[in-house]
Amino acid sequence: MGSKGQKPRKGKHPQHLPKVGTATENERLLHEERSAILDTMGMGGAPAWLKTAIAVIGILLLVGAILALVVLN
């Protein structure tokens, strides 16, 4: 009645978070912050092309506003 012919169970290693202050920890935190910002703006599940288009439009508006201020002065 022993376990002579049986395979031993493989131990499942729990996935730990990286140590605080390491590069992988900083990357994980940055990724979480970016996704939280996008979720707050309502674009969390938006495709990448839409996020890129919105960023390009925003940059064009910003550059246009700066140029308008320079021309008016």
# chains A, B, ... in the order shown; residues from 1 in each chain; ligands from 1

$ select_by_dssp --residues "chain A" --states "helix (DSSP H, G or I)" --output "PyMOL selection string"
chain A and resi 23-40+48-72

$ write_last_selection --atoms "N, CA and C atoms" --output "compact mmCIF listing (two decimals), in the first residue's frame"
# COMPACT_ATOMS: atom_id res chain seq x y z
N ALA A 23 13.71 46.73 -11.19
CA ALA A 23 13.25 47.22 -12.49
C ALA A 23 11.93 46.58 -12.88
N THR A 24 11.77 45.29 -12.62
CA THR A 24 10.52 44.62 -12.99
C THR A 24 9.35 45.15 -12.17
N GLU A 25 9.59 45.47 -10.91
CA GLU A 25 8.55 46.03 -10.06
C GLU A 25 8.14 47.41 -10.57
N ASN A 26 9.12 48.22 -10.95
CA ASN A 26 8.82 49.55 -11.47
C ASN A 26 8.05 49.48 -12.78
N GLU A 27 8.40 48.54 -13.65
CA GLU A 27 7.68 48.36 -14.91
C GLU A 27 6.24 47.93 -14.65
N ARG A 28 6.04 47.04 -13.69
CA ARG A 28 4.69 46.58 -13.37
C ARG A 28 3.84 47.72 -12.84
N LEU A 29 4.42 48.54 -11.96
CA LEU A 29 3.68 49.68 -11.41
C LEU A 29 3.33 50.69 -12.49
N LEU A 30 4.28 50.95 -13.40
CA LEU A 30 4.03 51.90 -14.48
C LEU A 30 2.91 51.40 -15.38
N HIS A 31 2.93 50.10 -15.68
CA HIS A 31 1.88 49.52 -16.51
C HIS A 31 0.51 49.63 -15.84
N GLU A 32 0.45 49.36 -14.54
CA GLU A 32 -0.81 49.47 -13.81
C GLU A 32 -1.32 50.90 -13.78
N GLU A 33 -0.41 51.87 -13.61
CA GLU A 33 -0.81 53.28 -13.58
C GLU A 33 -1.36 53.71 -14.93
N ARG A 34 -0.69 53.30 -16.01
CA ARG A 34 -1.16 53.67 -17.35
C ARG A 34 -2.53 53.08 -17.63
N SER A 35 -2.73 51.83 -17.27
CA SER A 35 -4.03 51.21 -17.52
C SER A 35 -5.11 51.84 -16.65
N ALA A 36 -4.76 52.27 -15.44
CA ALA A 36 -5.73 52.94 -14.57
C ALA A 36 -6.13 54.30 -15.16
N ILE A 37 -5.17 55.02 -15.73
CA ILE A 37 -5.48 56.31 -16.35
C ILE A 37 -6.40 56.10 -17.55
N LEU A 38 -6.11 55.11 -18.38
CA LEU A 38 -6.95 54.85 -19.55
C LEU A 38 -8.34 54.40 -19.12
N ASP A 39 -8.44 53.61 -18.07
CA ASP A 39 -9.75 53.20 -17.57
C ASP A 39 -10.55 54.40 -17.07
N THR A 40 -9.87 55.34 -16.41
CA THR A 40 -10.54 56.53 -15.90
C THR A 40 -11.08 57.37 -17.04
N ALA A 48 -5.83 49.77 -30.04
CA ALA A 48 -4.62 50.60 -30.07
C ALA A 48 -4.71 51.70 -31.12
N TRP A 49 -5.33 51.42 -32.26
CA TRP A 49 -5.42 52.44 -33.31
C TRP A 49 -6.24 53.63 -32.85
N LEU A 50 -7.27 53.40 -32.05
CA LEU A 50 -8.10 54.50 -31.55
C LEU A 50 -7.33 55.35 -30.55
N LYS A 51 -6.58 54.69 -29.68
CA LYS A 51 -5.75 55.43 -28.71
C LYS A 51 -4.72 56.28 -29.44
N THR A 52 -4.11 55.72 -30.49
CA THR A 52 -3.12 56.46 -31.27
C THR A 52 -3.76 57.65 -31.97
N ALA A 53 -4.94 57.44 -32.55
CA ALA A 53 -5.63 58.53 -33.25
C ALA A 53 -5.98 59.66 -32.30
N ILE A 54 -6.45 59.33 -31.12
CA ILE A 54 -6.81 60.35 -30.13
C ILE A 54 -5.56 61.11 -29.68
N ALA A 55 -4.45 60.41 -29.51
CA ALA A 55 -3.20 61.06 -29.11
C ALA A 55 -2.71 62.01 -30.20
N VAL A 56 -2.78 61.59 -31.47
CA VAL A 56 -2.34 62.44 -32.58
C VAL A 56 -3.22 63.68 -32.68
N ILE A 57 -4.52 63.52 -32.55
CA ILE A 57 -5.44 64.66 -32.60
C ILE A 57 -5.15 65.62 -31.45
N GLY A 58 -4.91 65.10 -30.27
CA GLY A 58 -4.59 65.94 -29.13
C GLY A 58 -3.30 66.72 -29.32
N ILE A 59 -2.29 66.06 -29.87
CA ILE A 59 -1.01 66.74 -30.12
C ILE A 59 -1.18 67.83 -31.17
N LEU A 60 -1.94 67.54 -32.24
CA LEU A 60 -2.18 68.55 -33.27
C LEU A 60 -2.92 69.76 -32.71
N LEU A 61 -3.90 69.53 -31.86
CA LEU A 61 -4.62 70.65 -31.23
C LEU A 61 -3.69 71.47 -30.35
N LEU A 62 -2.83 70.81 -29.60
CA LEU A 62 -1.90 71.52 -28.73
C LEU A 62 -0.91 72.36 -29.54
N VAL A 63 -0.35 71.79 -30.59
CA VAL A 63 0.59 72.52 -31.44
C VAL A 63 -0.12 73.68 -32.12
N GLY A 64 -1.34 73.46 -32.59
CA GLY A 64 -2.12 74.54 -33.22
C GLY A 64 -2.40 75.67 -32.26
N ALA A 65 -2.71 75.36 -31.02
CA ALA A 65 -2.98 76.40 -30.03
C ALA A 65 -1.72 77.20 -29.72
N ILE A 66 -0.59 76.53 -29.63
CA ILE A 66 0.68 77.23 -29.36
C ILE A 66 1.03 78.14 -30.53
N LEU A 67 0.88 77.64 -31.76
CA LEU A 67 1.16 78.47 -32.94
C LEU A 67 0.22 79.67 -33.01
N ALA A 68 -1.04 79.48 -32.67
CA ALA A 68 -1.99 80.59 -32.68
C ALA A 68 -1.59 81.65 -31.66
N LEU A 69 -1.13 81.25 -30.50
CA LEU A 69 -0.67 82.21 -29.49
C LEU A 69 0.57 82.97 -29.97
N VAL A 70 1.47 82.28 -30.64
CA VAL A 70 2.69 82.93 -31.14
C VAL A 70 2.34 83.94 -32.24
N VAL A 71 1.44 83.58 -33.13
CA VAL A 71 1.05 84.46 -34.24
C VAL A 71 0.31 85.68 -33.72
N LEU A 72 -0.53 85.53 -32.71
CA LEU A 72 -1.31 86.65 -32.19
C LEU A 72 -0.46 87.65 -31.43
